[in-house]
file upload-v5.cif (mmCIF, C-alpha atoms)
data_work
#
loop_
_atom_site.label_atom_id
_atom_site.label_comp_id
_atom_site.auth_asym_id
_atom_site.auth_seq_id
_atom_site.Cartn_x
_atom_site.Cartn_y
_atom_site.Cartn_z
CA MET K 446 9.68 -4.58 17.52
CA ALA K 447 12.95 -5.58 15.87
CA LEU K 448 14.18 -5.33 12.31
CA PRO K 449 13.72 -8.73 10.61
CA ALA K 450 16.99 -10.40 9.56
CA LYS K 451 15.80 -10.63 5.94
CA SER K 452 15.06 -6.92 5.90
CA TRP K 453 18.46 -6.19 7.36
CA ALA K 454 20.12 -8.18 4.60
CA GLY K 455 17.91 -6.63 1.91
CA LEU K 456 18.52 -3.12 3.15
CA TRP K 457 22.26 -3.60 3.47
CA GLY K 458 22.46 -5.12 -0.01
CA CYS K 459 20.65 -2.09 -1.45
CA ALA K 460 22.93 0.25 0.51
CA THR K 461 26.05 -1.51 -0.76
CA ALA K 462 24.78 -1.38 -4.34
CA HIS K 463 24.13 2.33 -3.83
CA PHE K 464 27.76 2.84 -2.74
CA MET K 465 28.99 0.93 -5.79
CA ASP K 466 26.80 3.10 -8.05
CA ARG K 467 28.14 6.26 -6.44
CA PHE K 468 31.69 4.99 -6.90
CA VAL K 469 31.08 4.37 -10.60
CA GLU K 470 29.67 7.87 -10.89
CA GLY K 471 32.84 9.24 -9.31
CA VAL K 472 35.04 7.21 -11.65
CA SER K 473 33.03 8.47 -14.62
CA ARG K 474 33.98 12.06 -13.69
CA VAL K 475 37.72 11.35 -13.81
CA LYS K 476 39.22 12.98 -16.89
CA GLN K 477 42.82 11.78 -16.69
CA CYS K 478 43.98 8.41 -15.49
CA THR K 479 47.04 6.19 -15.94
CA VAL K 480 47.22 2.40 -15.87
CA GLU K 481 48.44 2.62 -12.26
CA GLY K 482 45.56 4.93 -11.47
CA ARG K 483 43.10 2.33 -12.71
CA GLY K 484 44.69 -0.19 -10.40
CA LEU K 485 44.32 2.25 -7.53
CA MET K 486 40.65 2.76 -8.40
CA ALA K 487 40.07 -0.98 -8.21
CA LEU K 488 41.91 -1.05 -4.88
CA ASP K 489 39.72 1.72 -3.47
CA ALA K 490 36.58 -0.02 -4.68
CA SER K 491 37.75 -3.20 -2.97
CA GLN K 492 38.30 -1.25 0.22
CA VAL K 493 34.79 0.24 0.17
CA PHE K 494 33.22 -3.13 -0.62
CA ALA K 495 35.21 -4.83 2.13
CA ALA K 496 34.01 -2.20 4.60
CA ALA K 497 30.40 -2.90 3.57
CA ARG K 498 30.95 -6.63 3.96
CA ARG K 499 32.43 -6.15 7.44
CA SER K 500 29.63 -3.88 8.61
CA GLY K 501 26.54 -5.86 7.61
CA PRO K 502 25.13 -9.00 6.04
CA LEU K 503 25.68 -9.31 2.29
CA LEU K 504 23.66 -12.17 0.84
CA ALA K 505 23.87 -13.12 -2.82
CA GLY K 506 20.12 -12.86 -3.41
CA CYS K 507 19.90 -9.46 -1.76
CA LEU K 508 22.81 -7.72 -3.48
CA PRO K 509 21.69 -6.09 -6.76
CA ARG K 510 25.19 -4.92 -7.74
CA GLY K 511 28.51 -5.63 -6.10
CA LYS K 512 32.15 -4.75 -6.65
CA GLU K 513 32.23 -6.46 -10.05
CA HIS K 514 29.95 -3.67 -11.27
CA VAL K 515 32.74 -1.17 -10.53
CA ASP K 516 35.40 -3.50 -11.93
CA LEU K 517 33.53 -3.79 -15.22
CA TYR K 518 33.46 -0.02 -15.51
CA ILE K 519 37.14 0.41 -14.64
CA GLN K 520 38.11 -2.27 -17.14
CA ALA K 521 36.48 -0.20 -19.86
CA PHE K 522 39.35 2.31 -19.44
CA TYR K 523 41.69 -0.31 -20.91
CA PHE K 524 39.78 -0.60 -24.19
CA SER K 525 41.62 1.04 -27.03
CA THR K 526 39.31 0.53 -30.02
CA PRO K 527 35.57 1.09 -30.55
CA ALA K 528 35.26 -2.60 -31.44
CA ASP K 529 36.25 -3.46 -27.86
CA VAL K 530 33.94 -0.91 -26.32
CA LEU K 531 30.75 -1.83 -28.17
CA PRO K 532 30.35 -5.31 -26.65
CA TRP K 533 30.96 -3.79 -23.21
CA VAL K 534 28.24 -1.20 -23.83
CA MET E 1388 -43.43 8.86 7.21
CA ALA E 1389 -44.22 5.30 8.10
CA ALA E 1390 -42.30 4.04 5.11
CA SER E 1391 -39.25 6.11 5.93
CA GLY E 1392 -39.45 5.00 9.54
CA ALA E 1393 -39.51 1.36 8.46
CA ALA E 1394 -36.54 1.96 6.17
CA GLY E 1395 -34.65 3.55 9.04
CA GLN E 1396 -35.40 0.56 11.24
CA ASP E 1397 -34.16 -1.77 8.47
CA ARG E 1398 -30.94 0.18 8.18
CA ALA E 1399 -30.46 0.11 11.91
CA GLY E 1400 -31.16 -3.60 12.00
CA GLY E 1401 -28.78 -4.17 9.09
CA ALA E 1402 -26.03 -2.22 10.84
CA ALA E 1403 -26.57 -4.25 13.99
CA ALA E 1404 -26.34 -7.45 11.96
CA VAL E 1405 -23.11 -6.28 10.34
CA ARG E 1406 -21.69 -5.41 13.74
CA ALA E 1407 -22.62 -8.84 15.00
CA ILE E 1408 -20.99 -10.64 12.07
CA LEU E 1409 -17.81 -8.65 11.46
CA PRO E 1410 -15.00 -8.72 14.00
CA SER E 1411 -14.15 -5.50 15.73
CA LEU E 1412 -11.48 -3.31 14.19
CA VAL E 1413 -7.96 -4.23 15.17
CA GLU E 1414 -6.17 -1.45 16.94
CA VAL E 1415 -2.42 -1.81 17.16
CA GLN E 1416 -1.17 -0.53 20.45
CA GLY E 1417 2.33 -0.22 21.74
CA VAL E 1418 3.95 -0.07 18.29
CA ASP E 1419 6.31 2.84 17.89
CA LEU E 1420 5.97 3.78 14.25
CA MET E 1421 9.00 6.08 14.43
CA GLN E 1422 11.46 3.36 15.35
CA PRO E 1423 14.49 3.63 15.28
CA PRO E 1424 15.08 7.35 15.93
CA GLN E 1425 17.95 7.53 13.42
CA ALA E 1426 15.74 6.10 10.64
CA PRO E 1427 12.14 6.82 11.62
CA GLY E 1428 9.65 4.28 10.34
CA LEU E 1429 12.23 1.79 9.11
CA VAL E 1430 11.42 -1.09 11.44
CA PRO E 1431 7.60 -1.03 11.20
CA ARG E 1432 7.71 -0.82 7.42
CA CYS E 1433 10.19 -3.70 7.14
CA VAL E 1434 8.07 -5.80 9.48
CA ALA E 1435 5.03 -4.98 7.34
CA VAL E 1436 6.59 -6.05 4.04
CA GLU E 1437 8.10 -9.18 5.55
CA SER E 1438 4.67 -10.03 6.98
CA LEU E 1439 3.26 -9.79 3.47
CA ASP E 1440 6.07 -12.04 2.29
CA PHE E 1441 5.05 -14.59 4.90
CA VAL E 1442 1.44 -14.46 3.68
CA LEU E 1443 2.76 -15.13 0.18
CA GLU E 1444 4.64 -18.17 1.44
CA VAL E 1445 1.42 -19.52 2.93
CA LEU E 1446 -0.39 -18.77 -0.32
CA GLY E 1447 2.34 -20.53 -2.26
CA SER E 1448 2.13 -23.64 -0.14
CA ALA E 1449 -1.65 -23.79 -0.62
CA LEU E 1450 -1.60 -22.94 -4.31
CA ALA E 1451 -1.20 -26.46 -5.66
CA LEU E 1452 -4.08 -27.65 -3.48
CA VAL E 1453 -6.35 -24.84 -4.64
CA ARG E 1454 -5.45 -25.42 -8.27
CA GLY E 1455 -6.25 -29.09 -7.97
CA ALA E 1456 -9.70 -28.34 -6.59
CA LEU E 1457 -10.65 -26.02 -9.45
CA PRO E 1458 -11.51 -26.61 -13.11
CA PRO E 1459 -8.52 -25.93 -15.40
CA ALA E 1460 -9.81 -22.59 -16.68
CA ARG E 1461 -10.13 -21.24 -13.15
CA ALA E 1462 -6.85 -22.80 -12.02
CA ASP E 1463 -4.90 -20.67 -14.47
CA ALA E 1464 -6.57 -17.56 -13.11
CA VAL E 1465 -5.44 -18.50 -9.59
CA SER E 1466 -1.85 -18.92 -10.79
CA ASP E 1467 -1.99 -15.56 -12.54
CA TYR E 1468 -3.29 -13.96 -9.36
CA ALA E 1469 -0.49 -15.49 -7.30
CA THR E 1470 2.12 -14.23 -9.75
CA GLU E 1471 0.60 -10.76 -9.77
CA VAL E 1472 0.48 -10.56 -5.99
CA THR E 1473 4.04 -11.83 -5.67
CA THR E 1474 5.29 -9.23 -8.11
CA ALA E 1475 3.50 -6.48 -6.21
CA VAL E 1476 4.99 -7.56 -2.88
CA LEU E 1477 8.52 -7.79 -4.29
CA GLU E 1478 8.14 -4.33 -5.79
CA LEU E 1479 6.93 -3.03 -2.45
CA GLN E 1480 9.94 -4.60 -0.72
CA GLY E 1481 12.28 -2.95 -3.21
CA LEU E 1482 10.53 0.39 -2.75
CA VAL E 1483 10.76 0.26 1.03
CA TYR E 1484 14.43 -0.73 1.07
CA HIS E 1485 15.44 1.78 -1.58
CA SER E 1486 13.55 4.59 0.12
CA PHE E 1487 15.65 4.05 3.25
CA VAL E 1488 19.01 3.69 1.50
CA PRO E 1489 19.78 7.45 1.60
CA VAL E 1490 18.95 7.42 5.31
CA VAL E 1491 21.31 4.58 6.17
CA THR E 1492 24.07 5.76 3.79
CA PRO E 1493 24.27 9.50 4.41
CA ILE E 1494 27.90 9.74 3.23
CA ALA E 1495 27.27 8.05 -0.13
CA GLY E 1496 26.38 11.39 -1.73
CA GLU E 1497 29.92 12.63 -1.13
CA LEU E 1498 31.53 9.60 -2.75
CA PRO E 1499 31.46 10.72 -6.43
CA GLY E 1500 33.09 14.05 -5.59
CA SER E 1501 35.71 12.35 -3.41
CA VAL E 1502 36.62 9.87 -6.14
CA ALA E 1503 36.78 12.55 -8.82
CA ALA E 1504 38.99 14.78 -6.63
CA VAL E 1505 41.78 12.19 -6.38
CA LYS E 1506 44.70 12.36 -8.82
CA TRP E 1507 44.58 9.01 -10.61
CA GLN E 1508 47.93 9.29 -12.30
CA GLY E 1509 49.97 6.80 -10.33
CA VAL E 1510 51.90 9.21 -8.15
CA ARG E 1511 51.29 7.36 -4.90
CA GLU E 1512 52.27 3.95 -3.73
CA ILE E 1513 50.26 1.27 -5.49
CA SER E 1514 49.37 -0.60 -2.30
CA ARG E 1515 47.84 2.40 -0.51
CA THR E 1516 44.16 3.26 -0.69
CA SER E 1517 42.90 6.85 -0.91
CA ALA E 1518 42.16 8.86 2.21
CA TYR E 1519 38.42 9.07 1.56
CA THR E 1520 38.04 5.29 1.84
CA GLY E 1521 38.77 5.60 5.57
CA ASN E 1522 35.82 7.99 6.02
CA ILE E 1523 33.57 5.71 3.98
CA ALA E 1524 34.58 2.66 6.03
CA LYS E 1525 33.99 4.56 9.27
CA SER E 1526 30.52 5.69 8.15
CA LEU E 1527 29.62 2.18 6.97
CA GLY E 1528 30.69 0.80 10.34
CA GLN E 1529 28.49 3.30 12.19
CA GLN E 1530 25.46 2.57 10.03
CA GLY E 1531 26.09 -1.14 10.39
CA ILE E 1532 26.02 -0.78 14.17
CA LEU E 1533 22.75 1.16 13.91
CA LEU E 1534 21.05 -1.55 11.86
CA ARG E 1535 22.51 -4.31 14.02
CA ALA E 1536 20.99 -2.62 17.07
CA ALA E 1537 17.64 -2.35 15.27
CA ALA E 1538 17.77 -6.04 14.37
CA HIS E 1539 18.67 -7.19 17.90
CA GLY E 1540 20.20 -10.31 16.52
CA PRO E 1541 23.20 -11.87 14.81
CA ALA E 1542 23.83 -11.14 11.16
CA PRO E 1543 22.73 -13.78 8.65
CA GLU E 1544 25.69 -15.80 7.49
CA ALA E 1545 26.73 -17.02 4.01
CA PRO E 1546 28.42 -13.88 2.62
CA ALA E 1547 27.89 -13.06 -1.02
CA GLY E 1548 30.53 -13.77 -3.62
CA GLY E 1549 29.30 -10.92 -5.77
CA GLY E 1550 26.28 -9.27 -7.29
CA ALA E 1551 23.38 -11.17 -8.73
CA GLY E 1552 20.25 -10.00 -10.39
CA SER E 1553 19.53 -6.57 -11.77
CA ALA E 1554 17.28 -3.53 -11.70
CA GLY E 1555 18.13 -2.71 -8.12
CA THR E 1556 15.44 -4.84 -6.52
CA PRO E 1557 15.80 -7.96 -4.46
CA THR E 1558 15.92 -10.94 -6.80
CA ARG E 1559 14.62 -13.52 -4.37
CA ARG E 1560 11.38 -15.16 -5.42
CA SER E 1561 8.66 -15.73 -2.91
CA GLY E 1562 6.95 -19.03 -2.30
CA ALA E 1563 3.84 -18.09 -4.27
CA ALA E 1564 5.87 -17.16 -7.35
CA SER E 1565 7.86 -20.38 -7.16
CA ALA E 1566 4.71 -22.41 -6.76
CA ALA E 1567 3.05 -20.56 -9.63
CA ALA E 1568 6.07 -21.19 -11.85
CA GLU E 1569 6.10 -24.86 -10.92
CA ALA E 1570 2.38 -25.14 -11.51
CA ALA E 1571 2.72 -23.46 -14.91
#
call {"tool": "encode", "arguments": {"input": "upload-v5.cif", "output": "structure tokens"}}
result
Amino acid sequence: MALPAKSWAGLWGCATAHFMDRFVEGVSRVKQCTVEGRGLMALDASQVFAAARRSGPLLAGCLPRGKEHVDLYIQAFYFSTPADVLPWV
Amino acid sequence: MAASGAAGQDRAGGAAAVRAILPSLVEVQGVDLMQPPQAPGLVPRCVAVESLDFVLEVLGSALALVRGALPPARADAVSDYATEVTTAVLELQGLVYHSFVPVVTPIAGELPGSVAAVKWQGVREISRTSAYTGNIAKSLGQQGILLRAAAHGPAPEAPAGGGAGSAGTPTRRSGAASAAAEAA
């Protein structure tokens, strides 16, 4: 009995989304960060997502949350006024 | 006594009739329910939910025909049933996949602590990634090999451009749901 290809894609999509969620949780714990640091965060997130893409099938319909989920969170660091933050929330 | 004896004979006769009508119980043999060893139960459960998905596709293809053969009031009930069943199967798929995510991503729990431990104040070269990303990539590669071995086949193509959908469940709609939506 073999793992169906659709299950493989579904499982890997869920696993990748789980990694992205964990990454966002890690970013949320960071207390001090510069503009360069935010760029490095985005770079690390890209690296993790690229590793997931290399290691298994990532199909659009089977990926609940991808790298853009992390990017949206990192971009929130750049907001300087509550008026900018509220639409993001 | 005679009455109870007759009743017993009726029951025995009824049981024999049931045995004659119903097919014998299906016994699955040769299926290793603990497959693969690194993620026990993953493969049989995935096969089970995908089998249900196939049944839904058959139901979806027959739905329009069934609706056409019924009076309108009953036809709506059939569509509602198809939608309900489709939702249940998709939820089951999501549950199965999510329940195995911690098994296939054992290093994910360390990721928040690793990210938070890095100094994000621009002291290193902008083009270099953090050290922990190497461990994550290595672990992802190992788990990918495990699942590839379990699948015994090539990976599906058409890589994703990004995330779609929400709520952490697969967003694909089954045939029955599509047919129900079209019928509605």
call {"tool": "resolve_selection", "arguments": {"input": "upload-v5.cif", "expression": "the PyMOL selection byres ((chain K) within 6 of (chain E))", "output": "ChimeraX atom specification"}}
result
/K:447-448,452,456,460,464,467-468,470-471,474-475,478-479,481-482,489,496,500-511
call {"tool": "closest_residue", "arguments": {"input": "upload-v5.cif", "among": "E:Ala1456, E:Leu1443, E:Ala1469, E:Leu1482", "to": "Gly455 (chain K)", "atoms": "only C-alpha atoms"}}
result
E:Leu1482
call {"tool": "atom_distance", "arguments": {"input": "upload-v5.cif", "atom1": "CA of Met486 (chain K)", "atom2": "CA of Ser473 (chain K)"}}
result
11.4 Å
call {"tool": "closest_residue", "arguments": {"input": "upload-v5.cif", "among": "E:Val1465, E:Ala1475, E:Ala1460, E:Leu1533", "to": "Gln1425 (chain E)", "atoms": "all atoms listed in the file"}}
result
E:Leu1533
call {"tool": "atom_distance", "arguments": {"input": "upload-v5.cif", "atom1": "CA of His514 (chain K)", "atom2": "CA of Met465 (chain K)"}}
result
7.2 Å
call {"tool": "atom_distance", "arguments": {"input": "upload-v5.cif", "atom1": "CA of Ala490 (chain K)", "atom2": "CA of Val469 (chain K)"}}
result
9.2 Å
call {"tool": "axis_aligned_box", "arguments": {"input": "upload-v5.cif", "around": "region 1492-1503 of chain E", "padding_each_side": "3 Å", "output": "lines of an AutoDock Vina configuration file"}}
result
center_x = 30.4
center_y = 9.9
center_z = -2.2
size_x = 18.7
size_y = 14.3
size_z = 19.2
call {"tool": "residues_around", "arguments": {"input": "upload-v5.cif", "residues": "Pro532 (chain K)", "least_positions_apart": "6", "cutoff": "12 Å", "atoms": "only C-alpha atoms", "output": "list in words"}}
result
Leu517, Ala521, Phe524 and Thr526 of chain K
call {"tool": "decode", "arguments": {"input": "upload-v5.cif", "residues": "region 451-531 of chain K", "atoms": "C-alpha atoms", "output": "PDB file, in the first residue's frame"}}
result
ATOM      1  CA  LYS K 451      -2.915  13.706  -3.417  1.00  0.00           C
ATOM      2  CA  SER K 452      -2.344  12.797   0.218  1.00  0.00           C
ATOM      3  CA  TRP K 453       1.353  13.450  -0.166  1.00  0.00           C
ATOM      4  CA  ALA K 454       0.640  16.912  -1.534  1.00  0.00           C
ATOM      5  CA  GLY K 455      -1.988  17.613   1.127  1.00  0.00           C
ATOM      6  CA  LEU K 456       0.245  16.466   3.936  1.00  0.00           C
ATOM      7  CA  TRP K 457       3.251  18.404   2.690  1.00  0.00           C
ATOM      8  CA  GLY K 458       1.151  21.545   2.246  1.00  0.00           C
ATOM      9  CA  CYS K 459      -0.057  21.265   5.849  1.00  0.00           C
ATOM     10  CA  ALA K 460       3.512  20.641   7.041  1.00  0.00           C
ATOM     11  CA  THR K 461       4.805  23.697   5.176  1.00  0.00           C
ATOM     12  CA  ALA K 462       2.015  25.851   6.593  1.00  0.00           C
ATOM     13  CA  HIS K 463       2.935  24.548  10.041  1.00  0.00           C
ATOM     14  CA  PHE K 464       6.556  25.661   9.518  1.00  0.00           C
ATOM     15  CA  MET K 465       5.379  29.104   8.393  1.00  0.00           C
ATOM     16  CA  ASP K 466       3.173  29.386  11.501  1.00  0.00           C
ATOM     17  CA  ARG K 467       6.079  28.396  13.738  1.00  0.00           C
ATOM     18  CA  PHE K 468       8.278  30.970  12.013  1.00  0.00           C
ATOM     19  CA  VAL K 469       5.709  33.703  12.638  1.00  0.00           C
ATOM     20  CA  GLU K 470       5.557  32.655  16.269  1.00  0.00           C
ATOM     21  CA  GLY K 471       9.334  32.982  16.494  1.00  0.00           C
ATOM     22  CA  VAL K 472       9.254  36.412  14.862  1.00  0.00           C
ATOM     23  CA  SER K 473       6.549  37.499  17.296  1.00  0.00           C
ATOM     24  CA  ARG K 474       8.927  36.785  20.200  1.00  0.00           C
ATOM     25  CA  VAL K 475      11.628  39.118  18.875  1.00  0.00           C
ATOM     26  CA  LYS K 476      11.784  42.236  21.023  1.00  0.00           C
ATOM     27  CA  GLN K 477      14.387  44.297  19.170  1.00  0.00           C
ATOM     28  CA  CYS K 478      14.841  44.456  15.434  1.00  0.00           C
ATOM     29  CA  THR K 479      16.352  46.870  12.914  1.00  0.00           C
ATOM     30  CA  VAL K 480      15.326  47.443   9.308  1.00  0.00           C
ATOM     31  CA  GLU K 481      18.203  45.186   8.223  1.00  0.00           C
ATOM     32  CA  GLY K 482      17.040  42.581  10.693  1.00  0.00           C
ATOM     33  CA  ARG K 483      13.606  42.544   9.089  1.00  0.00           C
ATOM     34  CA  GLY K 484      15.247  41.936   5.745  1.00  0.00           C
ATOM     35  CA  LEU K 485      17.186  39.059   7.254  1.00  0.00           C
ATOM     36  CA  MET K 486      13.972  37.604   8.683  1.00  0.00           C
ATOM     37  CA  ALA K 487      12.408  37.641   5.232  1.00  0.00           C
ATOM     38  CA  LEU K 488      15.546  36.005   3.845  1.00  0.00           C
ATOM     39  CA  ASP K 489      15.403  33.224   6.434  1.00  0.00           C
ATOM     40  CA  ALA K 490      11.707  32.659   5.748  1.00  0.00           C
ATOM     41  CA  SER K 491      12.497  32.388   2.042  1.00  0.00           C
ATOM     42  CA  GLN K 492      15.183  29.844   2.826  1.00  0.00           C
ATOM     43  CA  VAL K 493      12.821  27.679   4.900  1.00  0.00           C
ATOM     44  CA  PHE K 494      10.084  27.894   2.272  1.00  0.00           C
ATOM     45  CA  ALA K 495      12.531  27.039  -0.508  1.00  0.00           C
ATOM     46  CA  ALA K 496      13.666  23.980   1.455  1.00  0.00           C
ATOM     47  CA  ALA K 497      10.038  22.862   1.781  1.00  0.00           C
ATOM     48  CA  ARG K 498       9.482  23.378  -1.930  1.00  0.00           C
ATOM     49  CA  ARG K 499      12.583  21.338  -2.777  1.00  0.00           C
ATOM     50  CA  SER K 500      11.662  18.480  -0.466  1.00  0.00           C
ATOM     51  CA  GLY K 501       8.055  17.803  -1.451  1.00  0.00           C
ATOM     52  CA  PRO K 502       5.119  18.711  -3.666  1.00  0.00           C
ATOM     53  CA  LEU K 503       3.554  22.110  -2.960  1.00  0.00           C
ATOM     54  CA  LEU K 504       0.294  22.532  -4.831  1.00  0.00           C
ATOM     55  CA  ALA K 505      -1.708  25.750  -4.689  1.00  0.00           C
ATOM     56  CA  GLY K 506      -4.920  24.054  -3.565  1.00  0.00           C
ATOM     57  CA  CYS K 507      -3.165  22.112  -0.819  1.00  0.00           C
ATOM     58  CA  LEU K 508      -1.157  24.928   0.768  1.00  0.00           C
ATOM     59  CA  PRO K 509      -3.199  26.709   3.467  1.00  0.00           C
ATOM     60  CA  ARG K 510      -0.523  29.333   4.199  1.00  0.00           C
ATOM     61  CA  GLY K 511       2.744  29.996   2.424  1.00  0.00           C
ATOM     62  CA  LYS K 512       5.655  32.394   2.724  1.00  0.00           C
ATOM     63  CA  GLU K 513       3.446  35.429   2.108  1.00  0.00           C
ATOM     64  CA  HIS K 514       1.900  34.733   5.513  1.00  0.00           C
ATOM     65  CA  VAL K 515       5.306  35.372   7.112  1.00  0.00           C
ATOM     66  CA  ASP K 516       5.980  38.349   4.843  1.00  0.00           C
ATOM     67  CA  LEU K 517       2.719  39.987   5.893  1.00  0.00           C
ATOM     68  CA  TYR K 518       3.721  39.651   9.518  1.00  0.00           C
ATOM     69  CA  ILE K 519       7.245  40.990   8.971  1.00  0.00           C
ATOM     70  CA  GLN K 520       5.895  43.939   7.018  1.00  0.00           C
ATOM     71  CA  ALA K 521       3.868  44.924  10.060  1.00  0.00           C
ATOM     72  CA  PHE K 522       7.177  45.867  11.751  1.00  0.00           C
ATOM     73  CA  TYR K 523       7.471  48.752   9.291  1.00  0.00           C
ATOM     74  CA  PHE K 524       4.180  50.367  10.340  1.00  0.00           C
ATOM     75  CA  SER K 525       4.737  53.487  12.366  1.00  0.00           C
ATOM     76  CA  THR K 526       1.214  54.662  13.203  1.00  0.00           C
ATOM     77  CA  PRO K 527      -1.871  52.885  14.583  1.00  0.00           C
ATOM     78  CA  ALA K 528      -3.746  53.944  11.449  1.00  0.00           C
ATOM     79  CA  ASP K 529      -1.413  51.731   9.407  1.00  0.00           C
ATOM     80  CA  VAL K 530      -1.661  48.806  11.778  1.00  0.00           C
ATOM     81  CA  LEU K 531      -5.449  48.620  12.061  1.00  0.00           C
TER      82      LEU K 531
END
